[in-house]
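The structure file model.cif is reproduced below (mmCIF, C-alpha atoms).
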data_protein
#
loop_
_atom_site.group_PDB
_atom_site.id
_atom_site.type_symbol
_atom_site.label_atom_id
_atom_site.label_comp_id
_atom_site.auth_asym_id
_atom_site.auth_seq_id
_atom_site.Cartn_x
_atom_site.Cartn_y
_atom_site.Cartn_z
ATOM 1 C CA MET I 691 13.941 -2.959 -4.252
ATOM 2 C CA SER I 692 12.324 -0.079 -6.136
ATOM 3 C CA THR I 693 11.484 -0.630 -9.795
ATOM 4 C CA VAL I 694 11.424 3.058 -10.715
ATOM 5 C CA LYS I 695 14.071 3.641 -13.395
ATOM 6 C CA VAL I 696 15.507 7.076 -12.679
ATOM 7 C CA PRO I 697 17.863 8.229 -15.477
ATOM 8 C CA ASP I 698 21.572 8.561 -14.713
ATOM 9 C CA VAL I 699 21.400 12.252 -15.561
ATOM 10 C CA VAL I 700 18.201 13.716 -14.137
ATOM 11 C CA PRO I 701 16.902 16.975 -15.639
ATOM 12 C CA SER I 702 16.390 19.819 -13.192
ATOM 13 C CA PRO I 703 12.927 20.273 -11.659
ATOM 14 C CA THR I 704 12.500 23.359 -13.846
ATOM 15 C CA GLN I 705 13.267 21.357 -16.992
ATOM 16 C CA ASP I 706 10.833 18.637 -15.919
ATOM 17 C CA CYS I 707 8.121 21.238 -15.290
ATOM 18 C CA GLU I 708 8.705 22.787 -18.692
ATOM 19 C CA ARG I 709 8.377 19.348 -20.274
ATOM 20 C CA LEU I 710 5.125 18.754 -18.415
ATOM 21 C CA LYS I 711 3.762 22.191 -19.321
ATOM 22 C CA LYS I 712 4.548 21.478 -22.961
ATOM 23 C CA ALA I 713 2.717 18.132 -22.681
ATOM 24 C CA PHE I 714 -0.407 20.008 -21.550
ATOM 25 C CA LYS I 715 -0.376 22.557 -24.388
ATOM 26 C CA GLY I 716 -2.252 22.492 -27.654
ATOM 27 C CA LEU I 717 -4.922 20.130 -28.897
ATOM 28 C CA GLY I 718 -4.659 16.889 -27.033
ATOM 29 C CA THR I 719 -2.262 15.877 -24.300
ATOM 30 C CA ASP I 720 1.171 14.340 -24.690
ATOM 31 C CA GLU I 721 0.613 11.380 -22.375
ATOM 32 C CA GLU I 722 3.969 9.854 -23.285
ATOM 33 C CA GLY I 723 5.695 13.021 -22.127
ATOM 34 C CA ILE I 724 3.914 12.859 -18.778
ATOM 35 C CA ILE I 725 4.905 9.216 -18.318
ATOM 36 C CA TRP I 726 8.478 9.983 -19.376
ATOM 37 C CA VAL I 727 8.838 12.605 -16.643
ATOM 38 C CA LEU I 728 6.754 11.422 -13.682
ATOM 39 C CA GLY I 729 7.179 7.700 -14.286
ATOM 40 C CA HIS I 730 10.960 7.977 -13.978
ATOM 41 C CA ARG I 731 11.270 10.085 -10.823
ATOM 42 C CA ASN I 732 11.406 8.976 -7.201
ATOM 43 C CA ALA I 733 9.302 10.468 -4.414
ATOM 44 C CA SER I 734 11.703 13.259 -3.455
ATOM 45 C CA GLN I 735 12.161 14.241 -7.112
ATOM 46 C CA ARG I 736 8.402 14.289 -7.669
ATOM 47 C CA ARG I 737 8.014 16.532 -4.615
ATOM 48 C CA LYS I 738 10.493 19.028 -6.075
ATOM 49 C CA ILE I 739 8.650 18.945 -9.394
ATOM 50 C CA ARG I 740 5.343 19.748 -7.656
ATOM 51 C CA GLU I 741 6.893 22.609 -5.712
ATOM 52 C CA THR I 742 8.680 24.035 -8.749
ATOM 53 C CA TYR I 743 5.569 23.775 -10.942
ATOM 54 C CA GLN I 744 3.594 25.806 -8.383
ATOM 55 C CA GLN I 745 6.331 28.440 -8.257
ATOM 56 C CA LEU I 746 6.699 28.697 -12.033
ATOM 57 C CA TYR I 747 3.047 28.685 -13.073
ATOM 58 C CA ASN I 748 1.161 29.614 -9.887
ATOM 59 C CA LYS I 749 -0.929 26.487 -10.351
ATOM 60 C CA SER I 750 -1.011 23.077 -8.734
ATOM 61 C CA LEU I 751 0.489 20.276 -10.804
ATOM 62 C CA ILE I 752 -2.235 17.989 -9.448
ATOM 63 C CA ASP I 753 -4.926 20.352 -10.771
ATOM 64 C CA SER I 754 -3.237 20.517 -14.174
ATOM 65 C CA LEU I 755 -3.085 16.730 -14.376
ATOM 66 C CA LYS I 756 -6.744 16.445 -13.388
ATOM 67 C CA SER I 757 -7.760 18.838 -16.150
ATOM 68 C CA GLU I 758 -5.722 17.019 -18.811
ATOM 69 C CA LEU I 759 -6.167 13.323 -18.009
ATOM 70 C CA SER I 760 -9.088 10.976 -17.443
ATOM 71 C CA GLY I 761 -10.058 7.458 -16.377
ATOM 72 C CA ASP I 762 -7.733 4.914 -14.813
ATOM 73 C CA PHE I 763 -4.680 6.664 -16.242
ATOM 74 C CA GLU I 764 -5.621 9.891 -14.472
ATOM 75 C CA ARG I 765 -6.227 8.150 -11.155
ATOM 76 C CA ALA I 766 -2.892 6.320 -11.339
ATOM 77 C CA VAL I 767 -0.872 9.417 -12.276
ATOM 78 C CA ILE I 768 -2.552 11.555 -9.600
ATOM 79 C CA LEU I 769 -1.876 8.992 -6.870
ATOM 80 C CA TRP I 770 1.727 8.679 -8.019
ATOM 81 C CA THR I 771 2.217 12.448 -8.004
ATOM 82 C CA TYR I 772 0.951 13.023 -4.478
ATOM 83 C CA ASP I 773 3.465 12.993 -1.653
ATOM 84 C CA PRO I 774 3.328 9.397 -0.286
ATOM 85 C CA PRO I 775 1.892 10.316 3.149
ATOM 86 C CA GLU I 776 -0.830 12.455 1.538
ATOM 87 C CA ARG I 777 -1.540 9.727 -1.012
ATOM 88 C CA ASP I 778 -1.957 7.098 1.686
ATOM 89 C CA ALA I 779 -4.079 9.390 3.855
ATOM 90 C CA ARG I 780 -6.414 9.904 0.904
ATOM 91 C CA LEU I 781 -6.564 6.165 0.224
ATOM 92 C CA VAL I 782 -7.465 5.461 3.852
ATOM 93 C CA ASN I 783 -10.107 8.189 3.891
ATOM 94 C CA LYS I 784 -11.717 6.839 0.735
ATOM 95 C CA ALA I 785 -11.796 3.351 2.252
ATOM 96 C CA LEU I 786 -13.373 4.614 5.479
ATOM 97 C CA LYS I 787 -15.988 6.732 3.694
ATOM 98 C CA SER I 788 -17.031 3.901 1.394
ATOM 99 C CA LYS I 789 -20.495 2.493 2.090
ATOM 100 C CA LYS I 790 -19.005 -0.985 1.895
ATOM 101 C CA LYS I 791 -16.741 -2.038 4.735
ATOM 102 C CA ASP I 792 -15.605 -5.315 3.196
ATOM 103 C CA ILE I 793 -12.064 -6.652 3.214
ATOM 104 C CA LYS I 794 -11.289 -5.067 -0.151
ATOM 105 C CA HIS I 795 -11.696 -1.650 1.448
ATOM 106 C CA LEU I 796 -10.447 -2.273 4.973
ATOM 107 C CA GLN I 797 -7.267 -4.020 3.836
ATOM 108 C CA VAL I 798 -6.079 -0.634 2.537
ATOM 109 C CA ILE I 799 -5.795 0.532 6.157
ATOM 110 C CA VAL I 800 -4.069 -2.676 7.218
ATOM 111 C CA GLU I 801 -1.526 -2.443 4.380
ATOM 112 C CA ILE I 802 -0.545 1.105 5.298
ATOM 113 C CA ALA I 803 -0.360 0.289 9.013
ATOM 114 C CA CYS I 804 1.494 -3.037 8.739
ATOM 115 C CA ALA I 805 3.586 -2.825 5.550
ATOM 116 C CA SER I 806 5.016 0.671 6.077
ATOM 117 C CA SER I 807 7.741 2.035 8.316
ATOM 118 C CA PRO I 808 6.666 3.485 11.690
ATOM 119 C CA ASN I 809 7.751 6.943 10.556
ATOM 120 C CA HIS I 810 5.692 6.715 7.386
ATOM 121 C CA LEU I 811 2.622 5.727 9.385
ATOM 122 C CA VAL I 812 3.102 8.764 11.641
ATOM 123 C CA ALA I 813 3.396 10.968 8.540
ATOM 124 C CA VAL I 814 0.176 9.480 7.143
ATOM 125 C CA ARG I 815 -1.662 10.259 10.379
ATOM 126 C CA GLN I 816 -0.353 13.832 10.316
ATOM 127 C CA ALA I 817 -1.388 14.269 6.693
ATOM 128 C CA TYR I 818 -4.819 12.848 7.506
ATOM 129 C CA CYS I 819 -5.403 15.497 10.172
ATOM 130 C CA SER I 820 -4.313 18.291 7.824
ATOM 131 C CA LEU I 821 -6.460 17.087 4.930
ATOM 132 C CA PHE I 822 -9.664 16.093 6.705
ATOM 133 C CA ASP I 823 -9.762 18.193 9.898
ATOM 134 C CA CYS I 824 -9.995 15.167 12.153
ATOM 135 C CA SER I 825 -7.752 12.323 13.205
ATOM 136 C CA LEU I 826 -7.573 8.963 11.496
ATOM 137 C CA GLU I 827 -8.581 7.397 14.796
ATOM 138 C CA GLU I 828 -11.733 9.519 14.986
ATOM 139 C CA ASP I 829 -12.782 8.442 11.517
ATOM 140 C CA ILE I 830 -12.142 4.776 12.291
ATOM 141 C CA ILE I 831 -14.329 5.066 15.398
ATOM 142 C CA ALA I 832 -17.050 6.861 13.419
ATOM 143 C CA ASN I 833 -17.061 4.496 10.448
ATOM 144 C CA VAL I 834 -16.052 1.016 11.608
ATOM 145 C CA SER I 835 -17.933 -1.087 14.121
ATOM 146 C CA LEU I 836 -16.579 -3.439 16.756
ATOM 147 C CA PRO I 837 -14.755 -5.796 16.864
ATOM 148 C CA VAL I 838 -12.898 -4.735 13.697
ATOM 149 C CA ARG I 839 -12.614 -1.192 15.043
ATOM 150 C CA ALA I 840 -10.419 -2.366 17.945
ATOM 151 C CA ILE I 841 -7.758 -4.003 15.782
ATOM 152 C CA LEU I 842 -7.672 -1.125 13.283
ATOM 153 C CA LEU I 843 -7.246 1.435 16.063
ATOM 154 C CA ILE I 844 -4.281 -0.334 17.628
ATOM 155 C CA LEU I 845 -2.702 -0.895 14.212
ATOM 156 C CA VAL I 846 -2.748 2.783 13.226
ATOM 157 C CA THR I 847 -1.681 4.101 16.642
ATOM 158 C CA SER I 848 1.180 1.694 17.419
ATOM 159 C CA TYR I 849 4.738 2.799 16.753
ATOM 160 C CA ARG I 850 6.389 -0.578 16.257
ATOM 161 C CA TYR I 851 10.068 -1.035 16.992
ATOM 162 C CA ASP I 852 11.573 -1.499 13.526
ATOM 163 C CA ARG I 853 14.883 -3.213 14.266
ATOM 164 C CA GLU I 854 15.526 -6.918 14.646
ATOM 165 C CA CYS I 855 14.748 -7.783 18.242
ATOM 166 C CA VAL I 856 13.433 -11.273 19.029
ATOM 167 C CA ASP I 857 12.833 -13.079 22.315
ATOM 168 C CA LEU I 858 12.078 -16.776 21.722
ATOM 169 C CA ASN I 859 10.546 -17.200 25.164
ATOM 170 C CA ILE I 860 8.064 -14.438 24.407
ATOM 171 C CA ALA I 861 7.458 -15.911 20.955
ATOM 172 C CA ASN I 862 6.524 -19.301 22.417
ATOM 173 C CA SER I 863 4.448 -17.756 25.195
ATOM 174 C CA GLU I 864 2.497 -15.508 22.848
ATOM 175 C CA ALA I 865 2.062 -18.276 20.280
ATOM 176 C CA ALA I 866 0.329 -20.217 23.073
ATOM 177 C CA LYS I 867 -1.929 -17.262 23.900
ATOM 178 C CA LEU I 868 -2.866 -16.898 20.231
ATOM 179 C CA TYR I 869 -3.531 -20.617 19.945
ATOM 180 C CA GLU I 870 -5.840 -20.659 22.960
ATOM 181 C CA ALA I 871 -7.830 -17.688 21.674
ATOM 182 C CA ILE I 872 -8.130 -19.134 18.179
ATOM 183 C CA LYS I 873 -9.047 -22.595 19.500
ATOM 184 C CA ALA I 874 -11.846 -20.978 21.492
ATOM 185 C CA LYS I 875 -12.836 -18.984 18.368
ATOM 186 C CA GLN I 876 -12.239 -15.777 20.297
ATOM 187 C CA VAL I 877 -10.226 -13.971 17.642
ATOM 188 C CA ASP I 878 -11.354 -10.629 19.102
ATOM 189 C CA HIS I 879 -9.640 -11.513 22.418
ATOM 190 C CA ASP I 880 -7.488 -8.742 23.918
ATOM 191 C CA ASP I 881 -4.381 -10.945 23.625
ATOM 192 C CA VAL I 882 -4.866 -11.338 19.864
ATOM 193 C CA VAL I 883 -5.428 -7.608 19.352
ATOM 194 C CA TRP I 884 -2.520 -6.564 21.557
ATOM 195 C CA ILE I 885 0.034 -9.065 20.219
ATOM 196 C CA LEU I 886 -0.730 -8.488 16.523
ATOM 197 C CA GLY I 887 -1.132 -4.760 17.017
ATOM 198 C CA THR I 888 2.020 -3.865 18.952
ATOM 199 C CA ARG I 889 4.856 -6.372 18.570
ATOM 200 C CA ASN I 890 7.645 -5.630 16.102
ATOM 201 C CA ALA I 891 7.590 -7.510 12.810
ATOM 202 C CA PHE I 892 10.635 -9.665 13.623
ATOM 203 C CA GLN I 893 9.125 -10.750 16.932
ATOM 204 C CA LEU I 894 5.815 -11.573 15.261
ATOM 205 C CA LYS I 895 7.480 -13.623 12.523
ATOM 206 C CA SER I 896 9.168 -15.645 15.239
ATOM 207 C CA THR I 897 5.823 -16.043 17.028
ATOM 208 C CA PHE I 898 4.183 -17.254 13.822
ATOM 209 C CA GLN I 899 6.981 -19.793 13.338
ATOM 210 C CA CYS I 900 6.589 -21.045 16.916
ATOM 211 C CA TYR I 901 2.848 -21.325 16.377
ATOM 212 C CA LYS I 902 3.294 -23.556 13.344
ATOM 213 C CA ILE I 903 5.973 -25.708 14.982
ATOM 214 C CA ASN I 904 4.065 -26.104 18.238
ATOM 215 C CA TYR I 905 0.526 -26.508 16.928
ATOM 216 C CA GLY I 906 0.903 -27.927 13.429
ATOM 217 C CA ASN I 907 -0.778 -25.281 11.274
ATOM 218 C CA ALA I 908 0.031 -21.815 10.045
ATOM 219 C CA ILE I 909 -1.740 -19.250 12.200
ATOM 220 C CA ASP I 910 -3.627 -17.709 9.277
ATOM 221 C CA GLN I 911 -5.022 -21.142 8.379
ATOM 222 C CA ASP I 912 -6.323 -21.629 11.910
ATOM 223 C CA ILE I 913 -7.889 -18.166 11.895
ATOM 224 C CA LYS I 914 -9.599 -19.025 8.614
ATOM 225 C CA SER I 915 -11.093 -22.109 10.266
ATOM 226 C CA CYS I 916 -12.764 -19.812 12.816
ATOM 227 C CA GLY I 917 -15.004 -18.373 10.102
ATOM 228 C CA ASP I 918 -15.050 -16.149 7.061
ATOM 229 C CA GLY I 919 -16.245 -12.960 8.748
ATOM 230 C CA ILE I 920 -14.698 -9.540 8.244
ATOM 231 C CA LEU I 921 -12.643 -9.746 11.463
ATOM 232 C CA GLU I 922 -11.063 -13.052 10.439
ATOM 233 C CA SER I 923 -10.290 -11.607 7.010
ATOM 234 C CA VAL I 924 -8.704 -8.478 8.500
ATOM 235 C CA LEU I 925 -6.543 -10.536 10.872
ATOM 236 C CA ARG I 926 -5.303 -12.699 8.018
ATOM 237 C CA VAL I 927 -4.300 -9.576 6.076
ATOM 238 C CA VAL I 928 -2.492 -8.287 9.173
ATOM 239 C CA ILE I 929 -0.525 -11.538 9.386
ATOM 240 C CA GLY I 930 0.198 -11.530 5.651
ATOM 241 C CA CYS I 931 1.440 -7.937 5.618
ATOM 242 C CA ILE I 932 3.735 -8.565 8.587
ATOM 243 C CA ASN I 933 4.948 -12.047 7.699
ATOM 244 C CA CYS I 934 5.605 -11.555 3.970
ATOM 245 C CA PRO I 935 4.311 -8.272 2.511
ATOM 246 C CA GLU I 936 5.604 -9.049 -0.982
ATOM 247 C CA LYS I 937 3.466 -12.200 -1.068
ATOM 248 C CA HIS I 938 0.392 -10.285 0.093
ATOM 249 C CA PHE I 939 0.805 -7.621 -2.586
ATOM 250 C CA ALA I 940 1.542 -10.210 -5.278
ATOM 251 C CA GLU I 941 -1.740 -11.896 -4.349
ATOM 252 C CA VAL I 942 -3.636 -8.594 -4.535
ATOM 253 C CA ILE I 943 -2.239 -7.923 -8.007
ATOM 254 C CA ARG I 944 -3.126 -11.427 -9.155
ATOM 255 C CA ASP I 945 -6.649 -11.230 -7.713
ATOM 256 C CA SER I 946 -7.192 -7.871 -9.415
ATOM 257 C CA ILE I 947 -6.337 -9.374 -12.807
ATOM 258 C CA VAL I 948 -7.816 -12.881 -12.848
ATOM 259 C CA GLY I 949 -11.479 -13.545 -13.522
ATOM 260 C CA LEU I 950 -14.030 -11.411 -15.307
ATOM 261 C CA GLY I 951 -12.917 -7.813 -15.598
ATOM 262 C CA THR I 952 -10.071 -6.025 -13.900
ATOM 263 C CA ASP I 953 -10.096 -4.483 -10.431
ATOM 264 C CA GLU I 954 -8.267 -1.329 -11.486
ATOM 265 C CA THR I 955 -8.642 0.263 -8.051
ATOM 266 C CA SER I 956 -6.679 -2.476 -6.274
ATOM 267 C CA LEU I 957 -4.213 -2.903 -9.127
ATOM 268 C CA THR I 958 -3.432 0.807 -9.257
ATOM 269 C CA ARG I 959 -3.091 1.058 -5.482
ATOM 270 C CA VAL I 960 -0.522 -1.715 -5.201
ATOM 271 C CA VAL I 961 1.593 -0.630 -8.169
ATOM 272 C CA VAL I 962 1.610 3.035 -7.150
ATOM 273 C CA THR I 963 2.226 2.489 -3.428
ATOM 274 C CA ARG I 964 4.885 -0.223 -3.769
ATOM 275 C CA ALA I 965 6.887 0.792 -6.880
ATOM 276 C CA ASP I 966 9.121 3.010 -4.748
ATOM 277 C CA VAL I 967 9.306 0.472 -1.910
ATOM 278 C CA ASP I 968 9.535 -3.242 -2.687
ATOM 279 C CA MET I 969 8.140 -3.905 -6.160
ATOM 280 C CA MET I 970 11.255 -5.869 -7.101
ATOM 281 C CA LYS I 971 10.454 -8.385 -4.351
ATOM 282 C CA ILE I 972 6.790 -8.409 -5.369
ATOM 283 C CA ARG I 973 7.779 -9.185 -8.967
ATOM 284 C CA ALA I 974 9.862 -12.155 -7.849
ATOM 285 C CA GLU I 975 7.129 -13.451 -5.529
ATOM 286 C CA TYR I 976 4.513 -13.022 -8.262
ATOM 287 C CA PHE I 977 6.546 -15.135 -10.658
ATOM 288 C CA ASN I 978 7.167 -17.820 -8.029
ATOM 289 C CA MET I 979 3.449 -18.023 -7.266
ATOM 290 C CA ASN I 980 2.047 -17.852 -10.793
ATOM 291 C CA LYS I 981 4.876 -18.908 -13.140
ATOM 292 C CA THR I 982 4.172 -15.807 -15.174
ATOM 293 C CA SER I 983 5.454 -12.256 -14.907
ATOM 294 C CA ILE I 984 3.611 -9.162 -13.752
ATOM 295 C CA ASP I 985 4.666 -7.552 -17.025
ATOM 296 C CA SER I 986 2.939 -10.108 -19.231
ATOM 297 C CA ASP I 987 -0.219 -10.139 -17.121
ATOM 298 C CA LEU I 988 -0.444 -6.341 -17.137
ATOM 299 C CA LYS I 989 0.013 -6.288 -20.896
ATOM 300 C CA GLY I 990 -2.787 -8.806 -21.291
ATOM 301 C CA ASP I 991 -5.247 -7.146 -18.917
ATOM 302 C CA THR I 992 -4.768 -3.384 -19.294
ATOM 303 C CA SER I 993 -4.498 -1.051 -22.253
ATOM 304 C CA GLY I 994 -3.430 2.344 -23.527
ATOM 305 C CA ASP I 995 -1.660 4.962 -21.460
ATOM 306 C CA TYR I 996 -2.812 3.290 -18.233
ATOM 307 C CA LYS I 997 -1.026 0.095 -19.249
ATOM 308 C CA ASN I 998 2.124 1.963 -20.267
ATOM 309 C CA PHE I 999 2.224 3.898 -17.011
ATOM 310 C CA LEU I 1000 1.848 0.792 -14.832
ATOM 311 C CA LEU I 1001 4.461 -1.041 -16.876
ATOM 312 C CA THR I 1002 6.824 1.906 -16.430
ATOM 313 C CA LEU I 1003 6.389 1.854 -12.656
ATOM 314 C CA VAL I 1004 6.968 -1.905 -12.342
ATOM 315 C CA GLY I 1005 10.172 -1.606 -14.373
ATOM 316 C CA ALA I 1006 9.013 -3.465 -17.475
ATOM 317 C CA LYS I 1007 10.743 -3.126 -20.834
ATOM 318 C CA LEU I 1008 8.475 -1.130 -23.144
#

Please render this file's structure as structure tokens.
Amino acid sequence: MSTVKVPDVVPSPTQDCERLKKAFKGLGTDEEGIIWVLGHRNASQRRKIRETYQQLYNKSLIDSLKSELSGDFERAVILWTYDPPERDARLVNKALKSKKKDIKHLQVIVEIACASSPNHLVAVRQAYCSLFDCSLEEDIIANVSLPVRAILLILVTSYRYDRECVDLNIANSEAAKLYEAIKAKQVDHDDVVWILGTRNAFQLKSTFQCYKINYGNAIDQDIKSCGDGILESVLRVVIGCINCPEKHFAEVIRDSIVGLGTDETSLTRVVVTRADVDMMKIRAEYFNMNKTSIDSDLKGDTSGDYKNFLLTLVGAKL
């Protein structure tokens, strides 16, 4: 499901560090060399490169990259080079500290909570404490108001069971509870928060299916009919990330490209965070939705080293 093309014979971490150090030397930076190394290594290999670079040169690889690169290319490479839990902790912190608390920012938290493994979410929370001297929960309480705060808190603190375990009786019962709350336009009801925030993904998918069969509409459509406030938007992202994460991320990529200008922040986030996870599925979903490939749309909407790096991560032919 990953689109990262790791070579059959991988150079040693020392060799990769020497190649990177050479790319930093002299007048100008060898951006192609940086892409060649970092863009073709998985997370564990990148971790070894960071550790080896520190040992060899007594300097952080992240700091070296920051001093050599700039713009969208720099931001993408830096995010890619971080250890995934640290990367996601930094993304969440940036979203929480933003003055705007719109869906574009808050969906970052939902994506990490709902489209990651339980163990990864725990690692993100641990990294958050180490980096920012407080818990993720504390920062959510300090920066997000009710009722959105309640759903975000339960999302980041739940350790969902991650194996297939479905009870159809519970699915029908909880579909009814969701329907009653949505019909009454009480989408902040405790039942809604608890069901969406704690049930395993397989159980929730079954609940969503029961909801549509029993009540005629998809649950996200009915939530949309309750209003277009931030809580409704957050809940729809929760449902999207649980029900079909590849569709959600394909939509984020498409939305970041279409229209006037490019939303490089969202585009970079999705490519960098999903390339190692499920980008192959996202590619297929993107094509099914838009009848065009991610590759062609990236080529038409980005440029330079930034374009080449993103194309490398999504597995495009350069």

Hey, what comes out of the PyMOL selection byres ((chain I and resi 915-918) around 9) on this file? Could you write it as a ChimeraX atom specification?
/I:872-877,910-914,919-923

Output the residue selection produced by the PyMOL selection byres ((chain I and resi 726-735) around 9) on the file above, formatted as number ranges by chain.
I: 694-697, 700, 703, 706-707, 709-710, 721-725, 736-740, 767, 770-774, 966, 999-1000, 1002-1003

Test item: axis-aligned box, all listed atoms of stretch 999-1007 of chain I, 3 Å on each side, centre and edges in Å rounded to one decimal, as JSON:
{"center_x": 6.3, "center_y": 0.2, "center_z": -16.6, "size_x": 14.9, "size_y": 13.4, "size_z": 14.5}

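Nearest-residue note for I:Val800: choosing from I:Leu826, I:Val928, I:Ala908, I:Val838, the minimum distance belongs to I:Val928, counting all atoms listed in the file.
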
At a cut-off of 8 Å, can you tabulate as CSV every residue of stretch 892-1002 of chain I near stretch 747-766 of chain I together with its closest atom pair and the distance in Å to one decimal, using only C-alpha atoms and ordering rows by chain then number?
residue,atom,partner,partner_atom,distance
I:Glu954,CA,I:Asp762,CA,7.1
I:Thr958,CA,I:Ala766,CA,5.9
I:Arg959,CA,I:Ala766,CA,7.9
I:Val962,CA,I:Ala766,CA,7.0
I:Asp995,CA,I:Phe763,CA,6.3
I:Tyr996,CA,I:Phe763,CA,4.3
I:Phe999,CA,I:Phe763,CA,7.5

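Taking atom CA of I:Gly994 and atom CA of I:Ala965 as the two end points, the separation is 19.6 Å.
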
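For the atom pair formed by atom CA of I:Asn980 and atom CA of I:Cys804, the distance is 24.5 Å, given to one decimal.
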
Please enumerate the residues selected by the PyMOL selection byres ((chain I and resi 927) around 8) when evaluated against the supplied file, formatted as JSON, numbers by chain.
{"I": [797, 800, 801, 923, 924, 925, 926, 928, 929, 930, 931, 938]}

Store the residues of this selection in a file with C-alpha atoms, as a PDB file, keeping the file's coordinate frame.
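File selection03.pdb, as written:
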ATOM      1  CA  GLN I 797      -7.267  -4.020   3.836  1.00  0.00           C
ATOM      2  CA  VAL I 800      -4.069  -2.676   7.218  1.00  0.00           C
ATOM      3  CA  GLU I 801      -1.526  -2.443   4.380  1.00  0.00           C
ATOM      4  CA  SER I 923     -10.290 -11.607   7.010  1.00  0.00           C
ATOM      5  CA  VAL I 924      -8.704  -8.478   8.500  1.00  0.00           C
ATOM      6  CA  LEU I 925      -6.543 -10.536  10.872  1.00  0.00           C
ATOM      7  CA  ARG I 926      -5.303 -12.699   8.018  1.00  0.00           C
ATOM      8  CA  VAL I 928      -2.492  -8.287   9.173  1.00  0.00           C
ATOM      9  CA  ILE I 929      -0.525 -11.538   9.386  1.00  0.00           C
ATOM     10  CA  GLY I 930       0.198 -11.530   5.651  1.00  0.00           C
ATOM     11  CA  CYS I 931       1.440  -7.937   5.618  1.00  0.00           C
ATOM     12  CA  HIS I 938       0.392 -10.285   0.093  1.00  0.00           C
TER      13      HIS I 938
END

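Put simply, atom CA of I:Cys824 is 28.0 Å away from atom CA of I:Val967.
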
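Excluding stretch 843-846 of chain I itself and any same-chain residue fewer than 4 positions from it, the protein and nucleic acid residues within 9 Å of it, counting all atoms listed in the file, are Ile799, Val800, Ile802, Ala803, Cys804, Leu811, Val812, Arg815, Leu826, Glu827, Ile830, Ile831, Val838, Arg839, Val883, Trp884, Leu886, Gly887, Thr888 and Val928 of chain I.
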
Selected residues, C-alpha atoms, written as a PDB file, in the frame of the given file, please.
ATOM      1  CA  ILE I 799      -5.795   0.532   6.157  1.00  0.00           C
ATOM      2  CA  VAL I 800      -4.069  -2.676   7.218  1.00  0.00           C
ATOM      3  CA  ILE I 802      -0.545   1.105   5.298  1.00  0.00           C
ATOM      4  CA  ALA I 803      -0.360   0.289   9.013  1.00  0.00           C
ATOM      5  CA  CYS I 804       1.494  -3.037   8.739  1.00  0.00           C
ATOM      6  CA  LEU I 811       2.622   5.727   9.385  1.00  0.00           C
ATOM      7  CA  VAL I 812       3.102   8.764  11.641  1.00  0.00           C
ATOM      8  CA  ARG I 815      -1.662  10.259  10.379  1.00  0.00           C
ATOM      9  CA  LEU I 826      -7.573   8.963  11.496  1.00  0.00           C
ATOM     10  CA  GLU I 827      -8.581   7.397  14.796  1.00  0.00           C
ATOM     11  CA  ILE I 830     -12.142   4.776  12.291  1.00  0.00           C
ATOM     12  CA  ILE I 831     -14.329   5.066  15.398  1.00  0.00           C
ATOM     13  CA  VAL I 838     -12.898  -4.735  13.697  1.00  0.00           C
ATOM     14  CA  ARG I 839     -12.614  -1.192  15.043  1.00  0.00           C
ATOM     15  CA  VAL I 883      -5.428  -7.608  19.352  1.00  0.00           C
ATOM     16  CA  TRP I 884      -2.520  -6.564  21.557  1.00  0.00           C
ATOM     17  CA  LEU I 886      -0.730  -8.488  16.523  1.00  0.00           C
ATOM     18  CA  GLY I 887      -1.132  -4.760  17.017  1.00  0.00           C
ATOM     19  CA  THR I 888       2.020  -3.865  18.952  1.00  0.00           C
ATOM     20  CA  VAL I 928      -2.492  -8.287   9.173  1.00  0.00           C
TER      21      VAL I 928
END

Fewer than 5 positions away in the same chain doesn't count, so skip those; otherwise give me all residues within 12 Å of I:Leu894, counting only C-alpha atoms, as a CSV table (one decimal) with C-alpha atoms, in the frame of the given file.
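Saved the output as out03.csv:
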chain,number,residue,atom,x,y,z
I,804,CYS,CA,1.5,-3.0,8.7
I,850,ARG,CA,6.4,-0.6,16.3
I,851,TYR,CA,10.1,-1.0,17.0
I,852,ASP,CA,11.6,-1.5,13.5
I,854,GLU,CA,15.5,-6.9,14.6
I,855,CYS,CA,14.7,-7.8,18.2
I,856,VAL,CA,13.4,-11.3,19.0
I,857,ASP,CA,12.8,-13.1,22.3
I,858,LEU,CA,12.1,-16.8,21.7
I,860,ILE,CA,8.1,-14.4,24.4
I,861,ALA,CA,7.5,-15.9,21.0
I,862,ASN,CA,6.5,-19.3,22.4
I,863,SER,CA,4.4,-17.8,25.2
I,864,GLU,CA,2.5,-15.5,22.8
I,865,ALA,CA,2.1,-18.3,20.3
I,868,LEU,CA,-2.9,-16.9,20.2
I,882,VAL,CA,-4.9,-11.3,19.9
I,884,TRP,CA,-2.5,-6.6,21.6
I,885,ILE,CA,0.0,-9.1,20.2
I,886,LEU,CA,-0.7,-8.5,16.5
I,887,GLY,CA,-1.1,-4.8,17.0
I,888,THR,CA,2.0,-3.9,19.0
I,889,ARG,CA,4.9,-6.4,18.6
I,899,GLN,CA,7.0,-19.8,13.3
I,900,CYS,CA,6.6,-21.0,16.9
I,901,TYR,CA,2.8,-21.3,16.4
I,909,ILE,CA,-1.7,-19.2,12.2
I,928,VAL,CA,-2.5,-8.3,9.2
I,929,ILE,CA,-0.5,-11.5,9.4
I,930,GLY,CA,0.2,-11.5,5.7
I,931,CYS,CA,1.4,-7.9,5.6
I,932,ILE,CA,3.7,-8.6,8.6
I,933,ASN,CA,4.9,-12.0,7.7
I,934,CYS,CA,5.6,-11.6,4.0

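The shortest atom-to-atom distance to I:Val1004, with only C-alpha atoms taken into account, belongs to I:Thr693 out of I:Thr963, I:Thr693, I:Asn978, I:Ser825.
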